[in-house]
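Shown next: upload-v5.txt, containing compact mmCIF, C-alpha atoms and all ligand atoms.
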# COMPACT_ATOMS: atom_id res chain seq x y z
CA MET A 844 -0.56 -54.04 8.60
CA PRO A 845 -1.15 -50.49 9.76
CA ILE A 846 1.76 -48.14 10.37
CA LYS A 847 2.06 -47.47 14.11
CA LEU A 848 2.80 -44.34 16.12
CA PRO A 849 5.90 -45.06 18.23
CA ASP A 850 5.68 -44.09 21.89
CA LEU A 851 7.89 -41.22 22.95
CA PRO A 852 11.16 -42.64 24.33
CA TYR A 853 10.91 -40.30 27.37
CA ALA A 854 8.32 -38.48 29.50
CA TYR A 855 6.42 -35.55 27.99
CA ASN A 856 8.25 -33.15 30.28
CA ALA A 857 11.71 -34.67 29.81
CA LEU A 858 12.81 -32.05 27.30
CA GLU A 859 12.04 -29.03 29.47
CA PRO A 860 12.90 -26.22 29.39
CA PHE A 861 13.94 -26.36 25.72
CA MET A 862 10.71 -28.04 24.67
CA ASP A 863 7.82 -27.57 27.05
CA GLU A 864 5.55 -30.41 28.09
CA GLN A 865 2.43 -29.04 26.41
CA THR A 866 4.24 -28.64 23.10
CA VAL A 867 5.68 -32.16 23.22
CA ARG A 868 2.30 -33.61 24.17
CA LEU A 869 0.43 -31.91 21.32
CA HIS A 870 3.26 -32.50 18.90
CA HIS A 871 3.43 -36.23 19.50
CA ASP A 872 -0.16 -37.11 20.45
CA LYS A 873 -1.94 -34.85 17.95
CA HIS A 874 0.33 -33.84 15.06
CA HIS A 875 2.50 -36.93 14.77
CA ALA A 876 -0.50 -39.19 15.44
CA ALA A 877 -2.51 -37.43 12.72
CA TYR A 878 0.18 -38.13 10.12
CA VAL A 879 0.15 -41.82 11.05
CA ASN A 880 -3.64 -41.95 10.84
CA ASN A 881 -3.75 -40.07 7.54
CA LEU A 882 -1.11 -42.37 6.07
CA ASN A 883 -3.05 -45.48 7.06
CA ALA A 884 -6.25 -43.98 5.65
CA ALA A 885 -4.49 -43.34 2.32
CA LEU A 886 -2.93 -46.81 2.20
CA ASP A 887 -6.31 -48.41 2.96
CA LYS A 888 -7.31 -47.41 -0.58
CA HIS A 889 -4.47 -49.52 -2.00
CA PRO A 890 -3.94 -52.38 0.48
CA GLU A 891 -1.11 -53.85 -1.61
CA TRP A 892 0.99 -50.88 -0.42
CA HIS A 893 0.18 -51.41 3.23
CA ASN A 894 2.97 -53.88 3.88
CA LYS A 895 5.71 -51.65 2.55
CA GLY A 896 7.80 -49.88 5.12
CA LEU A 897 7.98 -46.11 5.31
CA GLU A 898 11.41 -46.02 3.66
CA GLU A 899 10.22 -48.09 0.74
CA LEU A 900 7.17 -45.88 0.24
CA MET A 901 9.29 -42.73 0.30
CA ALA A 902 11.95 -44.06 -2.04
CA ASN A 903 9.32 -45.13 -4.58
CA LEU A 904 6.85 -42.27 -4.60
CA LYS A 905 6.63 -42.34 -8.38
CA ALA A 906 5.33 -45.91 -8.21
CA VAL A 907 2.71 -45.11 -5.56
CA PRO A 908 -0.77 -44.88 -7.15
CA GLU A 909 -1.45 -41.33 -8.22
CA ASP A 910 -4.63 -40.86 -6.20
CA ILE A 911 -2.73 -41.33 -2.93
CA ARG A 912 0.75 -40.14 -3.96
CA THR A 913 0.56 -36.67 -2.41
CA ALA A 914 -1.07 -38.04 0.75
CA VAL A 915 1.69 -40.66 1.05
CA ARG A 916 4.42 -38.10 0.42
CA ASN A 917 3.05 -35.75 3.08
CA ASN A 918 2.06 -38.32 5.66
CA ALA A 919 4.78 -40.96 5.29
CA GLY A 920 7.20 -38.04 5.42
CA GLY A 921 5.35 -36.58 8.41
CA THR A 922 5.44 -39.94 10.18
CA TRP A 923 9.05 -40.81 9.41
CA ASN A 924 10.48 -37.35 10.11
CA HIS A 925 8.81 -37.18 13.51
CA ASN A 926 9.91 -40.74 14.34
CA LEU A 927 13.51 -39.71 13.73
CA TYR A 928 13.14 -36.35 15.46
CA TRP A 929 11.89 -37.80 18.74
CA ASP A 930 14.37 -40.64 18.63
CA LEU A 931 17.37 -38.30 18.38
CA LEU A 932 16.40 -36.15 21.37
CA ALA A 933 16.99 -36.87 25.05
CA ALA A 934 17.03 -35.23 28.47
CA ASN A 935 20.45 -34.12 29.74
CA ALA A 936 21.91 -34.39 26.26
CA GLY A 937 23.63 -32.00 23.86
CA GLY A 938 27.31 -31.21 23.80
CA GLN A 939 29.30 -32.52 20.87
CA PRO A 940 29.61 -35.84 19.07
CA GLY A 941 32.84 -37.79 19.30
CA GLY A 942 34.95 -40.02 17.10
CA GLU A 943 34.70 -40.13 13.36
CA LEU A 944 31.55 -38.02 13.18
CA LEU A 945 33.23 -35.10 14.93
CA ALA A 946 36.29 -35.45 12.72
CA ASP A 947 34.08 -35.45 9.62
CA ILE A 948 32.15 -32.38 10.88
CA GLN A 949 35.44 -30.54 11.42
CA LYS A 950 36.73 -31.55 8.02
CA SER A 951 33.47 -30.59 6.29
CA PHE A 952 32.56 -27.34 8.06
CA GLY A 953 35.75 -26.09 9.68
CA ASP A 954 34.80 -26.62 13.30
CA PHE A 955 31.79 -27.58 15.39
CA ALA A 956 30.69 -23.97 15.92
CA ALA A 957 30.74 -23.29 12.18
CA PHE A 958 28.68 -26.43 11.63
CA GLN A 959 26.11 -25.27 14.21
CA GLN A 960 25.92 -21.86 12.60
CA LYS A 961 25.33 -23.31 9.15
CA PHE A 962 22.70 -25.76 10.42
CA ASN A 963 20.90 -22.97 12.31
CA ALA A 964 20.93 -20.73 9.26
CA ALA A 965 19.41 -23.45 7.07
CA ALA A 966 16.69 -24.21 9.61
CA VAL A 967 15.82 -20.56 10.17
CA ALA A 968 15.83 -19.73 6.44
CA GLN A 969 13.37 -22.49 5.47
CA PHE A 970 10.33 -20.43 4.51
CA ALA A 971 7.02 -21.51 6.10
CA SER A 972 6.78 -25.16 7.22
CA GLY A 973 9.68 -27.58 6.94
CA TRP A 974 12.73 -29.30 8.41
CA GLY A 975 16.45 -28.64 8.80
CA TRP A 976 18.85 -31.54 8.13
CA LEU A 977 22.36 -32.86 8.52
CA PHE A 978 22.76 -35.72 6.06
CA ILE A 979 25.28 -37.66 4.03
CA ASP A 980 24.75 -36.67 0.43
CA ASP A 981 24.86 -39.04 -2.53
CA LYS A 982 28.58 -38.40 -2.95
CA GLY A 983 29.22 -39.49 0.63
CA LYS A 984 29.87 -36.00 2.00
CA LEU A 985 28.33 -34.45 5.10
CA ALA A 986 25.81 -31.82 4.03
CA ILE A 987 23.34 -29.38 5.55
CA GLY A 988 20.00 -28.53 3.97
CA SER A 989 16.33 -27.91 4.54
CA THR A 990 13.13 -29.30 3.06
CA PRO A 991 9.62 -27.85 2.77
CA GLY A 992 6.57 -29.60 4.17
CA HIS A 993 7.50 -33.12 5.25
CA ASP A 994 9.92 -33.87 2.43
CA ASN A 995 13.16 -35.59 3.42
CA PRO A 996 16.42 -36.77 1.82
CA LEU A 997 15.05 -40.31 1.41
CA MET A 998 12.46 -39.17 -1.15
CA SER A 999 14.89 -39.56 -3.99
CA GLY A 1000 13.86 -37.70 -7.09
CA ALA A 1001 11.02 -35.94 -5.26
CA ALA A 1002 12.72 -33.88 -2.55
CA ASN A 1003 15.20 -31.03 -3.09
CA ILE A 1004 17.97 -32.90 -1.23
CA SER A 1005 18.97 -36.55 -1.37
CA GLY A 1006 21.01 -38.77 0.91
CA LYS A 1007 21.05 -40.41 4.33
CA PRO A 1008 19.62 -38.33 7.21
CA LEU A 1009 21.69 -37.99 10.40
CA LEU A 1010 20.05 -35.15 12.33
CA VAL A 1011 16.81 -33.25 11.94
CA VAL A 1012 15.02 -30.29 13.47
CA ASP A 1013 11.32 -29.61 12.97
CA VAL A 1014 10.69 -25.98 12.03
CA TRP A 1015 6.96 -26.16 11.51
CA GLU A 1016 5.47 -23.50 13.75
CA HIS A 1017 3.69 -26.17 15.83
CA ALA A 1018 7.15 -27.32 16.99
CA TYR A 1019 7.83 -24.08 18.86
CA TYR A 1020 4.97 -21.60 18.78
CA LEU A 1021 3.57 -22.11 22.29
CA LYS A 1022 6.94 -21.42 23.88
CA PHE A 1023 8.85 -19.30 21.37
CA GLN A 1024 6.12 -17.77 19.14
CA ASN A 1025 7.83 -16.09 16.18
CA ARG A 1026 11.36 -16.63 17.57
CA ARG A 1027 12.34 -19.70 15.56
CA ALA A 1028 16.06 -18.98 16.00
CA ASP A 1029 15.71 -19.20 19.80
CA PHE A 1030 13.99 -22.56 19.48
CA VAL A 1031 16.67 -23.92 17.17
CA GLY A 1032 19.31 -22.58 19.58
CA GLY A 1033 17.80 -24.63 22.43
CA PHE A 1034 17.55 -27.74 20.24
CA TRP A 1035 21.34 -28.25 20.59
CA SER A 1036 20.88 -29.01 24.29
CA LEU A 1037 18.63 -31.97 23.46
CA ILE A 1038 20.60 -33.87 20.82
CA ASN A 1039 21.47 -37.43 21.70
CA TRP A 1040 24.78 -37.60 19.82
CA LYS A 1041 25.27 -41.31 20.57
CA LYS A 1042 22.25 -41.99 18.32
CA VAL A 1043 23.50 -39.63 15.63
CA GLU A 1044 26.90 -41.37 15.74
CA GLY A 1045 25.07 -44.68 15.31
CA LEU A 1046 23.31 -43.39 12.17
CA TYR A 1047 26.61 -42.08 10.87
CA ALA A 1048 28.36 -45.42 11.40
CA ALA A 1049 25.49 -47.32 9.77
CA ALA A 1050 25.45 -44.98 6.78
CA ARG A 1051 29.20 -45.30 6.33
CA GLY A 1052 28.80 -49.08 6.41
CA MET B 734 -3.28 11.54 -4.40
CA LYS B 735 -1.36 11.16 -7.59
CA ARG B 736 0.94 8.23 -8.11
CA ARG B 737 3.98 10.48 -8.34
CA GLU B 738 3.35 12.00 -4.94
CA PHE B 739 2.88 8.56 -3.47
CA LEU B 740 6.25 7.43 -4.72
CA THR B 741 8.02 10.50 -3.48
CA VAL B 742 6.53 10.40 -0.02
CA ALA B 743 6.80 6.66 0.41
CA ALA B 744 10.36 6.50 -0.83
CA ALA B 745 11.33 9.11 1.72
CA GLY B 746 10.34 6.65 4.37
CA SER B 747 7.86 8.95 6.02
CA ALA B 748 4.95 6.62 5.36
CA GLY B 749 2.78 9.29 3.80
CA VAL B 750 0.41 6.84 2.20
CA LEU B 751 0.62 3.22 1.37
CA LEU B 752 -1.05 0.92 -1.04
CA ALA B 753 -3.34 -1.49 0.65
CA PRO B 754 -5.60 -4.08 -0.90
CA GLY B 755 -8.55 -2.29 -2.37
CA GLY B 756 -7.09 1.17 -2.28
CA ILE B 757 -5.00 3.72 -0.50
CA VAL B 758 -4.99 4.06 3.26
CA PRO B 759 -4.55 7.56 4.71
CA ALA B 760 -1.31 8.51 6.43
CA ALA B 761 -2.87 8.64 9.87
CA GLN B 762 -3.27 4.87 9.87
CA ALA B 763 0.32 4.03 9.06
CA VAL B 764 2.63 3.09 11.91
CA GLU B 765 6.38 3.19 12.24
CA THR B 766 8.55 0.35 11.07
CA THR B 767 12.01 -0.01 12.57
CA ALA B 768 13.74 0.14 9.22
CA PRO B 769 12.37 3.05 7.25
CA GLY B 770 11.78 1.98 3.69
CA ALA B 771 9.48 2.14 0.75
CA PHE B 772 6.89 -0.19 2.24
CA ALA B 773 5.01 0.51 5.46
CA LEU B 774 3.07 -1.63 7.88
CA PRO B 775 -0.58 -0.54 7.75
CA ALA B 776 -2.37 -0.04 11.06
CA LEU B 777 -4.64 -2.82 12.24
CA PRO B 778 -8.21 -1.80 11.43
CA PHE B 779 -9.27 -2.70 14.99
CA ALA B 780 -7.83 -2.90 18.51
CA GLU B 781 -5.70 -5.95 19.28
CA ASN B 782 -8.33 -7.27 21.69
CA ALA B 783 -11.29 -6.55 19.40
CA LEU B 784 -11.58 -10.09 18.06
CA GLU B 785 -11.61 -11.84 21.44
CA PRO B 786 -12.47 -14.52 22.30
CA PHE B 787 -12.11 -15.91 18.76
CA ILE B 788 -8.62 -14.47 18.22
CA SER B 789 -6.80 -13.40 21.37
CA ALA B 790 -5.01 -10.09 21.81
CA ARG B 791 -1.88 -12.14 22.46
CA THR B 792 -2.15 -13.88 19.09
CA LEU B 793 -2.72 -10.57 17.33
CA SER B 794 0.19 -8.94 19.12
CA PHE B 795 2.53 -11.53 17.61
CA HIS B 796 0.73 -11.99 14.33
CA TYR B 797 0.51 -8.30 13.52
CA GLY B 798 3.33 -6.87 15.64
CA LYS B 799 5.93 -9.53 14.80
CA HIS B 800 5.00 -11.64 11.77
CA HIS B 801 3.35 -8.97 9.61
CA LYS B 802 5.93 -6.39 10.66
CA THR B 803 8.81 -8.77 9.86
CA TYR B 804 7.48 -9.29 6.34
CA VAL B 805 7.44 -5.51 5.87
CA ASP B 806 10.95 -5.11 7.30
CA ASN B 807 12.30 -7.97 5.17
CA LEU B 808 10.66 -6.57 2.06
CA ASN B 809 12.30 -3.19 2.69
CA LYS B 810 15.63 -4.90 3.30
CA PHE B 811 15.47 -7.06 0.16
CA THR B 812 14.35 -4.21 -2.10
CA ALA B 813 16.49 -1.40 -0.68
CA GLY B 814 18.28 0.45 -3.46
CA THR B 815 16.61 -1.58 -6.22
CA PRO B 816 14.00 -0.43 -8.75
CA LEU B 817 11.46 -2.65 -6.97
CA ALA B 818 11.46 -0.28 -3.98
CA LYS B 819 9.85 2.37 -6.17
CA LEU B 820 6.92 0.24 -7.26
CA PRO B 821 3.51 -0.21 -5.64
CA LEU B 822 3.26 -3.36 -3.54
CA GLU B 823 0.88 -5.13 -5.90
CA VAL B 824 3.21 -4.55 -8.83
CA VAL B 825 6.17 -5.93 -6.87
CA ILE B 826 4.16 -9.07 -6.12
CA LYS B 827 3.17 -9.58 -9.75
CA GLU B 828 6.66 -8.84 -11.10
CA THR B 829 8.40 -11.30 -8.80
CA ALA B 830 5.82 -14.09 -8.78
CA THR B 831 7.42 -16.14 -11.51
CA ASP B 832 11.05 -15.21 -10.89
CA ALA B 833 12.73 -17.92 -8.81
CA GLY B 834 15.68 -15.64 -8.18
CA LYS B 835 13.33 -13.15 -6.48
CA ALA B 836 11.60 -15.66 -4.22
CA SER B 837 12.45 -13.74 -1.06
CA VAL B 838 10.98 -10.53 -2.41
CA PHE B 839 7.88 -12.34 -3.63
CA ASN B 840 7.38 -14.20 -0.35
CA ASN B 841 7.68 -11.09 1.77
CA SER B 842 5.71 -8.75 -0.49
CA ALA B 843 2.89 -11.25 -0.93
CA GLN B 844 2.81 -11.91 2.80
CA VAL B 845 2.57 -8.16 3.48
CA TRP B 846 -0.40 -7.95 1.11
CA ASN B 847 -2.06 -11.16 2.33
CA HIS B 848 -1.91 -10.11 5.96
CA THR B 849 -3.27 -6.61 5.27
CA PHE B 850 -6.10 -8.27 3.38
CA PHE B 851 -6.68 -10.75 6.21
CA TRP B 852 -7.09 -8.01 8.83
CA ARG B 853 -9.61 -6.27 6.62
CA SER B 854 -11.46 -9.56 6.12
CA MET B 855 -12.41 -9.54 9.81
CA LYS B 856 -14.25 -7.32 12.24
CA ALA B 857 -15.59 -7.48 15.76
CA GLY B 858 -19.14 -8.78 15.61
CA GLY B 859 -18.57 -10.16 12.13
CA GLY B 860 -19.79 -13.43 10.72
CA GLY B 861 -23.41 -14.04 9.86
CA GLN B 862 -24.27 -13.88 6.18
CA PRO B 863 -23.77 -11.24 3.50
CA GLY B 864 -26.73 -9.61 1.82
CA GLY B 865 -27.47 -8.32 -1.62
CA ASN B 866 -25.52 -9.30 -4.68
CA LEU B 867 -22.80 -11.11 -2.74
CA HIS B 868 -25.41 -13.38 -1.18
CA LYS B 869 -26.86 -14.12 -4.61
CA GLN B 870 -23.42 -14.90 -6.00
CA ILE B 871 -22.71 -17.25 -3.10
CA GLU B 872 -25.98 -19.09 -3.69
CA LYS B 873 -25.18 -19.36 -7.36
CA ALA B 874 -21.72 -20.79 -6.72
CA PHE B 875 -22.28 -22.94 -3.62
CA GLY B 876 -26.05 -23.64 -3.52
CA ASP B 877 -26.49 -21.82 -0.25
CA PHE B 878 -24.44 -20.17 2.48
CA ALA B 879 -23.93 -23.50 4.26
CA GLY B 880 -22.42 -24.84 1.03
CA PHE B 881 -19.97 -21.93 0.99
CA LYS B 882 -19.01 -22.46 4.62
CA LYS B 883 -18.42 -26.16 4.06
CA ALA B 884 -16.21 -25.48 1.01
CA PHE B 885 -14.25 -22.77 2.84
CA VAL B 886 -13.61 -24.86 5.97
CA GLU B 887 -12.68 -27.94 3.93
CA ALA B 888 -10.22 -25.96 1.81
CA GLY B 889 -8.69 -24.49 4.95
CA LEU B 890 -8.17 -27.96 6.36
CA ALA B 891 -6.90 -29.38 3.09
CA GLN B 892 -4.12 -26.79 2.80
CA PHE B 893 -1.06 -28.82 3.78
CA GLY B 894 1.49 -26.95 5.87
CA SER B 895 1.29 -23.15 5.76
CA GLY B 896 -1.11 -21.20 3.60
CA TRP B 897 -4.34 -19.33 3.06
CA VAL B 898 -7.97 -20.04 2.19
CA TRP B 899 -9.80 -17.50 0.05
CA LEU B 900 -13.17 -16.56 -1.37
CA VAL B 901 -12.38 -15.15 -4.80
CA SER B 902 -14.14 -14.00 -7.92
CA GLU B 903 -12.82 -15.42 -11.18
CA SER B 904 -14.35 -14.84 -14.61
CA GLY B 905 -17.52 -13.58 -12.98
CA ALA B 906 -18.06 -16.54 -10.63
CA LEU B 907 -17.24 -17.00 -6.96
CA LYS B 908 -14.86 -19.75 -5.89
CA VAL B 909 -13.11 -21.01 -2.79
CA VAL B 910 -9.39 -21.56 -3.32
CA LYS B 911 -6.41 -22.31 -1.12
CA THR B 912 -2.85 -21.09 -1.62
CA ALA B 913 0.39 -22.42 -0.15
CA ASN B 914 2.80 -20.33 1.94
CA ALA B 915 2.85 -16.79 0.49
CA ASP B 916 1.00 -17.56 -2.73
CA THR B 917 -1.89 -15.19 -3.44
CA PRO B 918 -4.89 -14.94 -5.82
CA LEU B 919 -3.43 -11.65 -7.11
CA VAL B 920 -1.06 -13.61 -9.32
CA HIS B 921 -3.67 -16.10 -10.53
CA GLY B 922 -6.07 -13.69 -12.24
CA GLN B 923 -8.52 -13.88 -9.35
CA LYS B 924 -10.06 -11.05 -7.37
CA ALA B 925 -9.80 -11.75 -3.65
CA LEU B 926 -12.93 -11.08 -1.60
CA LEU B 927 -12.13 -12.61 1.80
CA THR B 928 -9.29 -14.62 3.33
CA CYS B 929 -8.37 -16.62 6.40
CA ASP B 930 -4.72 -17.24 7.32
CA VAL B 931 -4.11 -20.93 8.04
CA TRP B 932 -0.43 -20.73 8.90
CA GLU B 933 -0.09 -22.31 12.32
CA HIS B 934 0.97 -18.96 13.83
CA ALA B 935 -2.53 -17.66 13.07
CA TYR B 936 -4.20 -20.02 15.54
CA TYR B 937 -1.69 -22.04 17.55
CA LEU B 938 -1.81 -19.99 20.77
CA ASP B 939 -5.63 -20.05 20.78
CA TYR B 940 -6.53 -23.36 19.12
CA GLN B 941 -3.27 -25.40 18.98
CA ASN B 942 -3.75 -28.20 16.41
CA ARG B 943 -7.48 -27.53 15.99
CA ARG B 944 -7.40 -25.58 12.73
CA LYS B 945 -11.00 -26.52 11.95
CA ASP B 946 -12.29 -24.75 15.07
CA PHE B 947 -10.36 -21.64 14.06
CA VAL B 948 -11.64 -21.50 10.48
CA GLU B 949 -15.20 -22.12 11.66
CA ALA B 950 -14.88 -19.30 14.20
CA PHE B 951 -13.60 -17.06 11.41
CA VAL B 952 -16.68 -17.74 9.26
CA ASP B 953 -19.20 -17.68 12.11
CA HIS B 954 -17.93 -14.72 14.14
CA LEU B 955 -15.29 -12.67 12.34
CA ALA B 956 -15.89 -12.55 8.57
CA ASN B 957 -16.32 -8.96 7.41
CA TRP B 958 -18.91 -9.31 4.66
CA ASP B 959 -19.11 -5.56 4.07
CA PHE B 960 -15.44 -5.63 3.08
CA ALA B 961 -15.99 -8.67 0.84
CA ALA B 962 -18.94 -6.95 -0.85
CA GLN B 963 -16.81 -3.85 -1.50
CA GLN B 964 -14.17 -5.99 -3.18
CA LEU B 965 -16.81 -7.62 -5.38
CA GLY B 966 -17.93 -4.11 -6.38
FE FE A 1101 6.12 -31.45 13.70
FE FE A 1102 0.04 -15.03 9.19
structure tokens encoding of this file:
Amino acid sequence: MPIKLPDLPYAYNALEPFMDEQTVRLHHDKHHAAYVNNLNAALDKHPEWHNKGLEELMANLKAVPEDIRTAVRNNAGGTWNHNLYWDLLAANAGGQPGGELLADIQKSFGDFAAFQQKFNAAAVAQFASGWGWLFIDDKGKLAIGSTPGHDNPLMSGAANISGKPLLVVDVWEHAYYLKFQNRRADFVGGFWSLINWKKVEGLYAAARG
Amino acid sequence: MKRREFLTVAAAGSAGVLLAPGGIVPAAQAVETTAPGAFALPALPFAENALEPFISARTLSFHYGKHHKTYVDNLNKFTAGTPLAKLPLEVVIKETATDAGKASVFNNSAQVWNHTFFWRSMKAGGGGQPGGNLHKQIEKAFGDFAGFKKAFVEAGLAQFGSGWVWLVSESGALKVVKTANADTPLVHGQKALLTCDVWEHAYYLDYQNRRKDFVEAFVDHLANWDFAAQQLG
């Protein structure tokens, strides 16, 4: 069964002015769609892998046949990361999380502003194409990191960080170039106004079990 | 100019001369960087609007004036007060290529070199086909010019994420290779002849996601074959 491209959960212009309509349209309909198509094309060569979910593919990259392993890593990652990215954004969002997540952020990073600063720094410092993450590491602690390409913390043993993702920002240039050009930090600064913290709190609760 | 003079002048931050791919560029072409340092931003070898409509002046204003300049500024920042600041750019690149602890210096120095090489790989009214020995070498390696173009465009598309596509000479034969991020043929025993930047910033304002259209425009309308032939020697 082919992997599908999820529809955006809002209108293309819903994230203005922090993400402009043209960027969101290209990003979802061209970039994200291409990763889904490329993943299906790779899996077509080994149909027995076509019924696995994205998470299972990413957690078992070493078992994926070698001739499609890099394509699966790049395109399952590209598909899954964008799925999460869109899902965690919303119009009229931002602010701060509540409850246990906020308490954990304060305990882990000092306060919310210090957390933002550390997350921004990781996202801005990722050289070339990649993603910035808040995740729960394998010891159960909140952690901030970044990955190159479309790697993510679910690619255990393959990616540079490992754990359960809670929040992600895309820092490939296609995510911001039309509106911000070389000013990645300005883009990441605006990203905070789009975070749907209710969803992030849901991921946090699920990960904590 | 002797090496010693180069070091003295460059280290003083007055941008007397600078090492560019293929040789030394005269002082008149160097432009100011905000942070004076050992490494200077070479002048663009053409006006910012010279490559229109294939690369817009707006793209070049960011690509050269922001991205390339930032690599130079970062390189000066990361090497300030270290022995690396006294070395020619190409030596810095080679010395830091395999040192994980020097990744920032490598990334920025290689990106300075790659971008300088990229500008020189293009000219207004470029494209077409090379003549002479370079043409013969291309036929030998790729069958014909169309074979080269196909290999070059395919490699540009196949480079995942950020990177570069190159025509290089290695052990006497031409090859098309791609490199990721800041990686460069300089550190792989290859002589670079021509390159196209396939980081998204190189084409996103003009072509958005259509990298193929950009690389084809590079080959058809911008490639500076005189420069490539000079590199081949
Ligand atoms: Fe993206
Ligand atoms: Fe570039």
Contact set, chain B to chain A: 10 Å, all atoms listed in the file, as a ChimeraX atom specification: /B:792,795-796,799-800,803,837,840,893-896,913-915,932-939,941-943
Atom CA of Ala1049 of chain A to atom CA of Asp947 of chain A, straight-line distance in Å: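 Distance reported for this atom pair: 14.7 Å.
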Calculated over all atoms listed in the file, which of the candidates A:Gln949, A:Ser999, A:Gln969, A:Asn924 has the smallest distance to ligand FE 1101 (chain A)?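 When distances to ligand FE 1101 (chain A) are compared using all atoms listed in the file, the smallest one comes from A:Asn924.
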Can you work out which one of B:Phe878, B:Lys873, B:Asn847, B:Asp959 has the shortest atom-to-atom distance to Val898 of chain B, counting all atoms listed in the file? B:Asn847
Determine, counting all atoms listed in the file, which protein, DNA and RNA residues have an atom within 12 Å of an atom of segment 855-862 of chain A; residues of the same chain fewer than 5 positions away are not included. Present the result as a ChimeraX atom specification. /A:850,867-872,929,931-937,1013,1017-1023,1029-1039
Pick out the closest residue to Arg916 of chain A from this set: A:Ala884, A:Gly1006, A:Ser989, A:Met998. Count only C-alpha atoms.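 For Arg916 of chain A, the nearest of the given residues is A:Met998.
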Of the listed residues A:Leu1010, A:Ala876, A:Val915, A:Val967, that which approaches ligand FE 1101 (chain A) most closely, counting all atoms listed in the file: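 Of A:Leu1010, A:Ala876, A:Val915, A:Val967, the one nearest ligand FE 1101 (chain A) is A:Ala876, counting all atoms listed in the file.
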Atom CA of Gly834 of chain B to atom CA of Ala1001 of chain A, straight-line distance in Å: 21.0 Å
Who sits within 8 Å of Ile987 of chain A, all atoms listed in the file, same chain under 6 positions skipped, as a list of chain:residue names: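 So, after excluding close chain neighbours, the residues are A:Lys961, A:Phe962, A:Ala965, A:Gly975, A:Trp976, A:Leu977, A:Phe978.
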For a test of reading the model, state the distance in Å between atom CA of Ser902 of chain B and atom CA of Gly922 of chain B, rounded to one decimal.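 Calculated distance between atom CA of Ser902 of chain B and atom CA of Gly922 of chain B is 9.2 Å.
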Contact residues around Leu1009 of chain A with only C-alpha atoms at 12 Å, ignoring same-chain residues under 2 positions, as an MDAnalysis selection string: chainID A and resid 924 927:928 930:931 940 944 948 975:980 984:988 995:997 1006:1007 1011:1012 1038:1051
Counting all atoms listed in the file, the option among A:Gln865, A:Asn894, A:Thr922, A:Thr990 closest to ligand FE 1101 (chain A):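 Among the listed residues, A:Thr922 lies closest to ligand FE 1101 (chain A).
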